[in-house]
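Presented below is the structure to which this report refers.
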Amino acid sequence: MPRPPETPVGPRAPADQEMARVLHTRPLRIAADPSSGAIAYWKHEALHDVVRPMVDHVIMTYPAGSQQLERRTGKVTSIGTARSGVVTIIPAGSTSRWDIHQSMHVVQLYLPHATLQRVAGEADTAAPGDLLERTAHPDPITSRLLLSAADALDGGQALDALFRHQLTDLLANRLLSAHAGVPAAVQATMGGLSPTALRRATERLRSDSDADVSLAALAMDAGLSRFHFCRAFKESTGLSPHAWLRQHRLEQAMNMLRDTDASVVSIAAALGYSSQTAFAAAFRKLTGETPSDWRRRLR
């Protein structure tokens, strides 16, 4: 049996670089925000290697299939089954030997420890300790959140970024409550946004210019943390900022389909969708019809 890995001396690597080294490939899709972290979707072959210490926490889940994982950290060996509904966590700075015998798909979140600290402060919780090491640990809530992130990687740029900001904060809060040394005790947020703050937020989201519609910019306008802004916005509107913007964009699309002869491709581009396919999928989810079928029905 190979000897358990020893912690290498030297600087920690960024998580995306270390994963590319270990997996011998590049992610199929990846989206990163310096202030929040990154989300990546991988398909990789069998793996027999040591994962070296990384700057970020790595949280992963599995979209499909079933695959055995073997992980050795020091003298401890963990064996689990990678499948939908479970998560694996590699805490920042840890090192372990991995043996995965077949190819597999995986969604990974690279979460800076600073993000955990920020969310803990905004949610009025105790300062977080290190995340716990997990190997194929049952957690359907975190798994579903991560899988929904993979579905959003091909959406419109503004929508995609806003969704990632919200999702990262939700995941950080979930990790604090379920996978950290100190459980999070979230304080309730009373009431929604003031009328002025709500007007500013919706004006920014509606803007057709290059206005910054990031969660950080929206929260700063309202004088709130990102965590409390999301809660207050949903209290006021019934929707998260991302869901509100998605609905607004699709309402714009309906107006353009009804009132103009613009092609579906040009409407998708005008509303910031990365492709006609991504636009059509979002439109059908809301209306039950494709954009072309919806237009033909009205004319």
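Chain lettering (A, B, ...) mirrors the order of the structure tokens, residue numbering begins at 1 for each chain separately, and ligand numbering begins at 1 in order of display.
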Can you list, as an NGL selection string, every residue of segment 21-193 of chain A that DSSP puts in helix (DSSP H, G or I)?
:A and (21-23 or 113-122 or 140-151 or 157-178)
Each residue of segment 146-239 of chain A lying at most 10 Å from segment 104-115 of chain A should get a row with its shortest atom-to-atom pair and the distance in Å to one decimal, counting only C-alpha atoms; could you produce that, ordered by chain and increasing number, as a Markdown table?
```
| residue | atom | partner | partner_atom | distance |
| --- | --- | --- | --- | --- |
| A:Leu146 | CA | A:Val107 | CA | 6.8 |
| A:Leu147 | CA | A:Val107 | CA | 6.9 |
| A:Ser148 | CA | A:Val107 | CA | 9.9 |
| A:Ala149 | CA | A:Val107 | CA | 8.5 |
| A:Ala150 | CA | A:Val107 | CA | 6.8 |
| A:Thr168 | CA | A:Leu111 | CA | 8.0 |
| A:Asp169 | CA | A:Thr115 | CA | 7.9 |
| A:Leu171 | CA | A:Leu109 | CA | 9.2 |
| A:Ala172 | CA | A:Thr115 | CA | 7.2 |
| A:Asn173 | CA | A:Thr115 | CA | 9.8 |
```
Excluding same-chain residues fewer than 4 positions from segment 48-58 of chain A, what lies within 8 Å of it counting only C-alpha atoms, as an mmCIF file with all heavy atoms, in the first residue's frame?
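Listed below is the output, result10.cif:
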```cif
data_model
loop_
_atom_site.group_PDB
_atom_site.id
_atom_site.type_symbol
_atom_site.label_atom_id
_atom_site.label_comp_id
_atom_site.auth_asym_id
_atom_site.auth_seq_id
_atom_site.Cartn_x
_atom_site.Cartn_y
_atom_site.Cartn_z
ATOM 1 N N PRO A 5 0.164 10.503 2.059
ATOM 2 C CA PRO A 5 0.898 11.690 1.633
ATOM 3 C C PRO A 5 1.320 12.546 2.803
ATOM 4 O O PRO A 5 0.637 12.611 3.825
ATOM 5 C CB PRO A 5 -0.127 12.422 0.744
ATOM 6 C CG PRO A 5 -1.452 11.962 1.256
ATOM 7 C CD PRO A 5 -1.242 10.539 1.692
ATOM 8 N N THR A 7 2.291 16.512 3.960
ATOM 9 C CA THR A 7 1.965 17.864 3.528
ATOM 10 C C THR A 7 3.199 18.529 2.923
ATOM 11 O O THR A 7 4.212 18.669 3.586
ATOM 12 C CB THR A 7 1.477 18.708 4.718
ATOM 13 O OG1 THR A 7 0.359 18.057 5.292
ATOM 14 C CG2 THR A 7 1.098 20.099 4.258
ATOM 15 N N PRO A 8 3.131 18.919 1.636
ATOM 16 C CA PRO A 8 4.278 19.549 1.021
ATOM 17 C C PRO A 8 4.539 20.916 1.617
ATOM 18 O O PRO A 8 3.628 21.590 2.102
ATOM 19 C CB PRO A 8 3.868 19.662 -0.454
ATOM 20 C CG PRO A 8 2.648 18.798 -0.610
ATOM 21 C CD PRO A 8 2.021 18.725 0.720
ATOM 22 N N ARG A 12 0.450 27.445 -1.282
ATOM 23 C CA ARG A 12 -0.715 26.701 -1.739
ATOM 24 C C ARG A 12 -1.086 27.140 -3.156
ATOM 25 O O ARG A 12 -0.984 28.309 -3.500
ATOM 26 C CB ARG A 12 -1.893 26.959 -0.803
ATOM 27 C CG ARG A 12 -1.654 26.535 0.631
ATOM 28 C CD ARG A 12 -2.850 26.881 1.501
ATOM 29 N NE ARG A 12 -2.619 26.548 2.898
ATOM 30 C CZ ARG A 12 -3.518 26.728 3.856
ATOM 31 N NH1 ARG A 12 -4.709 27.235 3.557
ATOM 32 N NH2 ARG A 12 -3.233 26.406 5.114
ATOM 33 N N ALA A 13 -1.578 26.203 -3.953
ATOM 34 C CA ALA A 13 -1.949 26.498 -5.332
ATOM 35 C C ALA A 13 -3.410 26.933 -5.403
ATOM 36 O O ALA A 13 -4.235 26.492 -4.589
ATOM 37 C CB ALA A 13 -1.747 25.260 -6.194
ATOM 38 N N PRO A 14 -3.768 27.784 -6.381
ATOM 39 C CA PRO A 14 -5.191 28.034 -6.632
ATOM 40 C C PRO A 14 -5.891 26.719 -6.967
ATOM 41 O O PRO A 14 -5.316 25.839 -7.626
ATOM 42 C CB PRO A 14 -5.172 28.979 -7.840
ATOM 43 C CG PRO A 14 -3.818 29.619 -7.803
ATOM 44 C CD PRO A 14 -2.893 28.567 -7.264
ATOM 45 N N ALA A 15 -7.132 26.577 -6.534
ATOM 46 C CA ALA A 15 -7.834 25.298 -6.679
ATOM 47 C C ALA A 15 -7.993 24.891 -8.135
ATOM 48 O O ALA A 15 -7.831 23.709 -8.476
ATOM 49 C CB ALA A 15 -9.196 25.375 -5.992
ATOM 50 N N GLU A 18 -4.680 23.403 -9.394
ATOM 51 C CA GLU A 18 -4.359 22.104 -8.833
ATOM 52 C C GLU A 18 -5.284 21.020 -9.395
ATOM 53 O O GLU A 18 -4.851 19.904 -9.692
ATOM 54 C CB GLU A 18 -4.451 22.150 -7.306
ATOM 55 C CG GLU A 18 -4.200 20.820 -6.611
ATOM 56 C CD GLU A 18 -2.808 20.246 -6.844
ATOM 57 O OE1 GLU A 18 -1.953 20.922 -7.463
ATOM 58 O OE2 GLU A 18 -2.573 19.100 -6.414
ATOM 59 N N MET A 19 -6.570 21.345 -9.575
ATOM 60 C CA MET A 19 -7.483 20.368 -10.151
ATOM 61 C C MET A 19 -7.094 20.029 -11.587
ATOM 62 O O MET A 19 -7.142 18.865 -12.001
ATOM 63 C CB MET A 19 -8.920 20.903 -10.108
ATOM 64 C CG MET A 19 -9.553 20.901 -8.727
ATOM 65 S SD MET A 19 -9.813 19.223 -8.064
ATOM 66 C CE MET A 19 -8.514 19.145 -6.835
ATOM 67 N N VAL A 22 -4.112 17.631 -11.412
ATOM 68 C CA VAL A 22 -4.438 16.280 -10.947
ATOM 69 C C VAL A 22 -5.314 15.535 -11.962
ATOM 70 O O VAL A 22 -5.116 14.343 -12.206
ATOM 71 C CB VAL A 22 -5.149 16.358 -9.580
ATOM 72 C CG1 VAL A 22 -5.736 15.020 -9.192
ATOM 73 C CG2 VAL A 22 -4.175 16.833 -8.509
ATOM 74 N N ILE A 89 -15.789 17.312 0.349
ATOM 75 C CA ILE A 89 -15.154 18.584 0.710
ATOM 76 C C ILE A 89 -13.673 18.356 0.949
ATOM 77 O O ILE A 89 -13.281 17.479 1.719
ATOM 78 C CB ILE A 89 -15.798 19.192 1.975
ATOM 79 C CG1 ILE A 89 -17.286 19.469 1.737
ATOM 80 C CG2 ILE A 89 -15.071 20.476 2.384
ATOM 81 C CD1 ILE A 89 -18.020 19.964 2.972
ATOM 82 N N ILE A 90 -12.863 19.148 0.262
ATOM 83 C CA ILE A 90 -11.432 19.202 0.509
ATOM 84 C C ILE A 90 -11.148 20.562 1.146
ATOM 85 O O ILE A 90 -11.182 21.583 0.462
ATOM 86 C CB ILE A 90 -10.620 19.053 -0.791
ATOM 87 C CG1 ILE A 90 -11.005 17.766 -1.533
ATOM 88 C CG2 ILE A 90 -9.123 19.067 -0.488
ATOM 89 C CD1 ILE A 90 -10.315 17.610 -2.877
ATOM 90 N N PRO A 91 -10.914 20.622 2.452
ATOM 91 C CA PRO A 91 -10.664 21.919 3.094
ATOM 92 C C PRO A 91 -9.384 22.571 2.556
ATOM 93 O O PRO A 91 -8.432 21.884 2.170
ATOM 94 C CB PRO A 91 -10.519 21.555 4.574
ATOM 95 C CG PRO A 91 -11.182 20.227 4.718
ATOM 96 C CD PRO A 91 -10.937 19.520 3.425
ATOM 97 N N ALA A 92 -9.374 23.881 2.525
ATOM 98 C CA ALA A 92 -8.188 24.616 2.103
ATOM 99 C C ALA A 92 -6.996 24.180 2.947
ATOM 100 O O ALA A 92 -7.096 24.015 4.164
ATOM 101 C CB ALA A 92 -8.418 26.110 2.252
ATOM 102 N N GLY A 93 -5.859 23.958 2.273
ATOM 103 C CA GLY A 93 -4.632 23.617 2.981
ATOM 104 C C GLY A 93 -4.433 22.151 3.263
ATOM 105 O O GLY A 93 -3.361 21.753 3.721
ATOM 106 N N SER A 94 -5.441 21.302 2.995
ATOM 107 C CA SER A 94 -5.288 19.874 3.287
ATOM 108 C C SER A 94 -4.687 19.150 2.087
ATOM 109 O O SER A 94 -4.678 19.665 0.961
ATOM 110 C CB SER A 94 -6.640 19.250 3.647
ATOM 111 O OG SER A 94 -7.472 19.165 2.506
ATOM 112 N N THR A 95 -4.181 17.967 2.324
ATOM 113 C CA THR A 95 -3.631 17.140 1.249
ATOM 114 C C THR A 95 -4.061 15.706 1.470
ATOM 115 O O THR A 95 -4.202 15.256 2.610
ATOM 116 C CB THR A 95 -2.091 17.242 1.191
ATOM 117 O OG1 THR A 95 -1.614 16.491 0.072
ATOM 118 C CG2 THR A 95 -1.444 16.713 2.456
ATOM 119 N N SER A 96 -4.310 14.974 0.378
ATOM 120 C CA SER A 96 -4.781 13.594 0.495
ATOM 121 C C SER A 96 -4.497 12.843 -0.797
ATOM 122 O O SER A 96 -4.356 13.439 -1.870
ATOM 123 C CB SER A 96 -6.286 13.558 0.809
ATOM 124 O OG SER A 96 -7.013 14.398 -0.070
ATOM 125 N N ARG A 97 -4.429 11.532 -0.674
ATOM 126 C CA ARG A 97 -4.241 10.637 -1.808
ATOM 127 C C ARG A 97 -5.610 10.168 -2.284
ATOM 128 O O ARG A 97 -6.454 9.734 -1.490
ATOM 129 C CB ARG A 97 -3.398 9.430 -1.392
ATOM 130 C CG ARG A 97 -3.459 8.235 -2.342
ATOM 131 C CD ARG A 97 -2.560 8.380 -3.516
ATOM 132 N NE ARG A 97 -2.800 7.292 -4.484
ATOM 133 C CZ ARG A 97 -2.005 7.033 -5.507
ATOM 134 N NH1 ARG A 97 -0.917 7.764 -5.687
ATOM 135 N NH2 ARG A 97 -2.287 6.054 -6.347
ATOM 136 N N TRP A 98 -5.838 10.256 -3.622
ATOM 137 C CA TRP A 98 -7.130 9.886 -4.189
ATOM 138 C C TRP A 98 -6.960 8.746 -5.184
ATOM 139 O O TRP A 98 -6.014 8.741 -5.988
ATOM 140 C CB TRP A 98 -7.766 11.081 -4.903
ATOM 141 C CG TRP A 98 -8.281 12.112 -3.958
ATOM 142 C CD1 TRP A 98 -7.564 13.123 -3.378
ATOM 143 C CD2 TRP A 98 -9.604 12.227 -3.464
ATOM 144 N NE1 TRP A 98 -8.369 13.858 -2.546
ATOM 145 C CE2 TRP A 98 -9.631 13.335 -2.585
ATOM 146 C CE3 TRP A 98 -10.778 11.507 -3.679
ATOM 147 C CZ2 TRP A 98 -10.779 13.741 -1.925
ATOM 148 C CZ3 TRP A 98 -11.935 11.906 -3.025
ATOM 149 C CH2 TRP A 98 -11.925 13.014 -2.158
ATOM 150 N N ASP A 99 -7.918 7.796 -5.146
ATOM 151 C CA ASP A 99 -7.984 6.720 -6.127
ATOM 152 C C ASP A 99 -9.421 6.616 -6.630
ATOM 153 O O ASP A 99 -10.339 6.286 -5.870
ATOM 154 C CB ASP A 99 -7.537 5.392 -5.516
ATOM 155 C CG ASP A 99 -6.032 5.375 -5.245
ATOM 156 O OD1 ASP A 99 -5.257 5.259 -6.219
ATOM 157 O OD2 ASP A 99 -5.648 5.496 -4.072
ATOM 158 N N ILE A 100 -9.604 6.951 -7.902
ATOM 159 C CA ILE A 100 -10.904 6.859 -8.571
ATOM 160 C C ILE A 100 -10.662 6.020 -9.827
ATOM 161 O O ILE A 100 -9.818 6.364 -10.652
ATOM 162 C CB ILE A 100 -11.454 8.254 -8.934
ATOM 163 C CG1 ILE A 100 -11.576 9.113 -7.671
ATOM 164 C CG2 ILE A 100 -12.797 8.139 -9.642
ATOM 165 C CD1 ILE A 100 -11.938 10.564 -7.947
ATOM 166 N N HIS A 101 -11.382 4.923 -9.991
ATOM 167 C CA HIS A 101 -10.995 3.903 -10.949
ATOM 168 C C HIS A 101 -11.650 4.049 -12.321
ATOM 169 O O HIS A 101 -11.258 3.340 -13.255
ATOM 170 C CB HIS A 101 -11.299 2.518 -10.370
ATOM 171 C CG HIS A 101 -10.576 2.256 -9.080
ATOM 172 N ND1 HIS A 101 -9.246 1.916 -9.029
ATOM 173 C CD2 HIS A 101 -10.998 2.333 -7.786
ATOM 174 C CE1 HIS A 101 -8.864 1.771 -7.767
ATOM 175 N NE2 HIS A 101 -9.914 2.016 -6.993
ATOM 176 N N GLN A 108 -17.694 21.345 -9.188
ATOM 177 C CA GLN A 108 -16.857 21.795 -8.080
ATOM 178 C C GLN A 108 -17.043 23.285 -7.821
ATOM 179 O O GLN A 108 -17.110 24.076 -8.748
ATOM 180 C CB GLN A 108 -15.378 21.525 -8.383
ATOM 181 C CG GLN A 108 -15.044 20.058 -8.528
ATOM 182 C CD GLN A 108 -13.576 19.814 -8.783
ATOM 183 O OE1 GLN A 108 -12.854 20.688 -9.247
ATOM 184 N NE2 GLN A 108 -13.131 18.602 -8.493
ATOM 185 N N LEU A 109 -17.095 23.631 -6.549
ATOM 186 C CA LEU A 109 -17.078 25.022 -6.096
ATOM 187 C C LEU A 109 -15.737 25.279 -5.430
ATOM 188 O O LEU A 109 -15.322 24.513 -4.557
ATOM 189 C CB LEU A 109 -18.203 25.277 -5.097
ATOM 190 C CG LEU A 109 -18.154 26.615 -4.329
ATOM 191 C CD1 LEU A 109 -18.410 27.786 -5.264
ATOM 192 C CD2 LEU A 109 -19.161 26.610 -3.176
ATOM 193 N N TYR A 110 -15.052 26.343 -5.842
ATOM 194 C CA TYR A 110 -13.812 26.767 -5.210
ATOM 195 C C TYR A 110 -14.130 27.989 -4.360
ATOM 196 O O TYR A 110 -14.388 29.074 -4.884
ATOM 197 C CB TYR A 110 -12.748 27.097 -6.260
ATOM 198 C CG TYR A 110 -12.559 25.991 -7.278
ATOM 199 C CD1 TYR A 110 -12.379 26.275 -8.624
ATOM 200 C CD2 TYR A 110 -12.581 24.655 -6.886
ATOM 201 C CE1 TYR A 110 -12.207 25.257 -9.552
ATOM 202 C CE2 TYR A 110 -12.421 23.634 -7.804
ATOM 203 C CZ TYR A 110 -12.239 23.941 -9.139
ATOM 204 O OH TYR A 110 -12.083 22.924 -10.047
ATOM 205 N N LEU A 111 -14.132 27.805 -3.048
ATOM 206 C CA LEU A 111 -14.643 28.816 -2.128
ATOM 207 C C LEU A 111 -13.513 29.384 -1.273
ATOM 208 O O LEU A 111 -12.933 28.669 -0.450
ATOM 209 C CB LEU A 111 -15.711 28.185 -1.227
ATOM 210 C CG LEU A 111 -16.460 29.132 -0.292
ATOM 211 C CD1 LEU A 111 -17.373 30.049 -1.092
ATOM 212 C CD2 LEU A 111 -17.270 28.333 0.728
ATOM 213 N N PRO A 112 -13.188 30.670 -1.420
ATOM 214 C CA PRO A 112 -12.175 31.275 -0.552
ATOM 215 C C PRO A 112 -12.642 31.286 0.905
ATOM 216 O O PRO A 112 -13.825 31.485 1.190
ATOM 217 C CB PRO A 112 -12.052 32.709 -1.097
ATOM 218 C CG PRO A 112 -12.629 32.663 -2.476
ATOM 219 C CD PRO A 112 -13.699 31.613 -2.432
ATOM 220 N N HIS A 113 -11.709 31.093 1.835
ATOM 221 C CA HIS A 113 -12.080 31.147 3.251
ATOM 222 C C HIS A 113 -12.609 32.534 3.610
ATOM 223 O O HIS A 113 -13.476 32.662 4.489
ATOM 224 C CB HIS A 113 -10.882 30.791 4.133
ATOM 225 C CG HIS A 113 -11.262 30.544 5.557
ATOM 226 N ND1 HIS A 113 -11.989 29.431 5.956
ATOM 227 C CD2 HIS A 113 -11.049 31.276 6.687
ATOM 228 C CE1 HIS A 113 -12.196 29.483 7.254
ATOM 229 N NE2 HIS A 113 -11.640 30.588 7.730
ATOM 230 N N LEU A 131 -13.443 24.070 7.374
ATOM 231 C CA LEU A 131 -14.466 23.122 6.981
ATOM 232 C C LEU A 131 -14.010 21.707 7.322
ATOM 233 O O LEU A 131 -12.819 21.402 7.355
ATOM 234 C CB LEU A 131 -14.740 23.231 5.479
ATOM 235 C CG LEU A 131 -15.420 24.512 4.988
ATOM 236 C CD1 LEU A 131 -15.685 24.425 3.493
ATOM 237 C CD2 LEU A 131 -16.712 24.776 5.737
#
```
Would you pick out the contacts of Gly192 of chain A at 10 Å or less, using only C-alpha atoms, so that residues sharing its chain but fewer than 5 positions from it are not included, and give the list as an MDAnalysis selection string?
chainID A and resid 197:198 228:237
Choose the residue, out of A:Thr81, A:Asp16, A:His24, A:Arg258, that has the smallest atom-to-atom separation from Glu45 of chain A; count only C-alpha atoms.
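Of all the options, A:His24 lies closest to Glu45 of chain A.
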Counting only C-alpha atoms, what is within 7 Å of Ser84 of chain A, bar same-chain residues fewer than 2 positions away, as a list in words?
Thr61, Tyr62, Pro63, Ala64 and Val86 of chain A
Mind pulling up the distance from atom CA of Val87 of chain A to atom CA of Leu175 of chain A?
10.8 Å
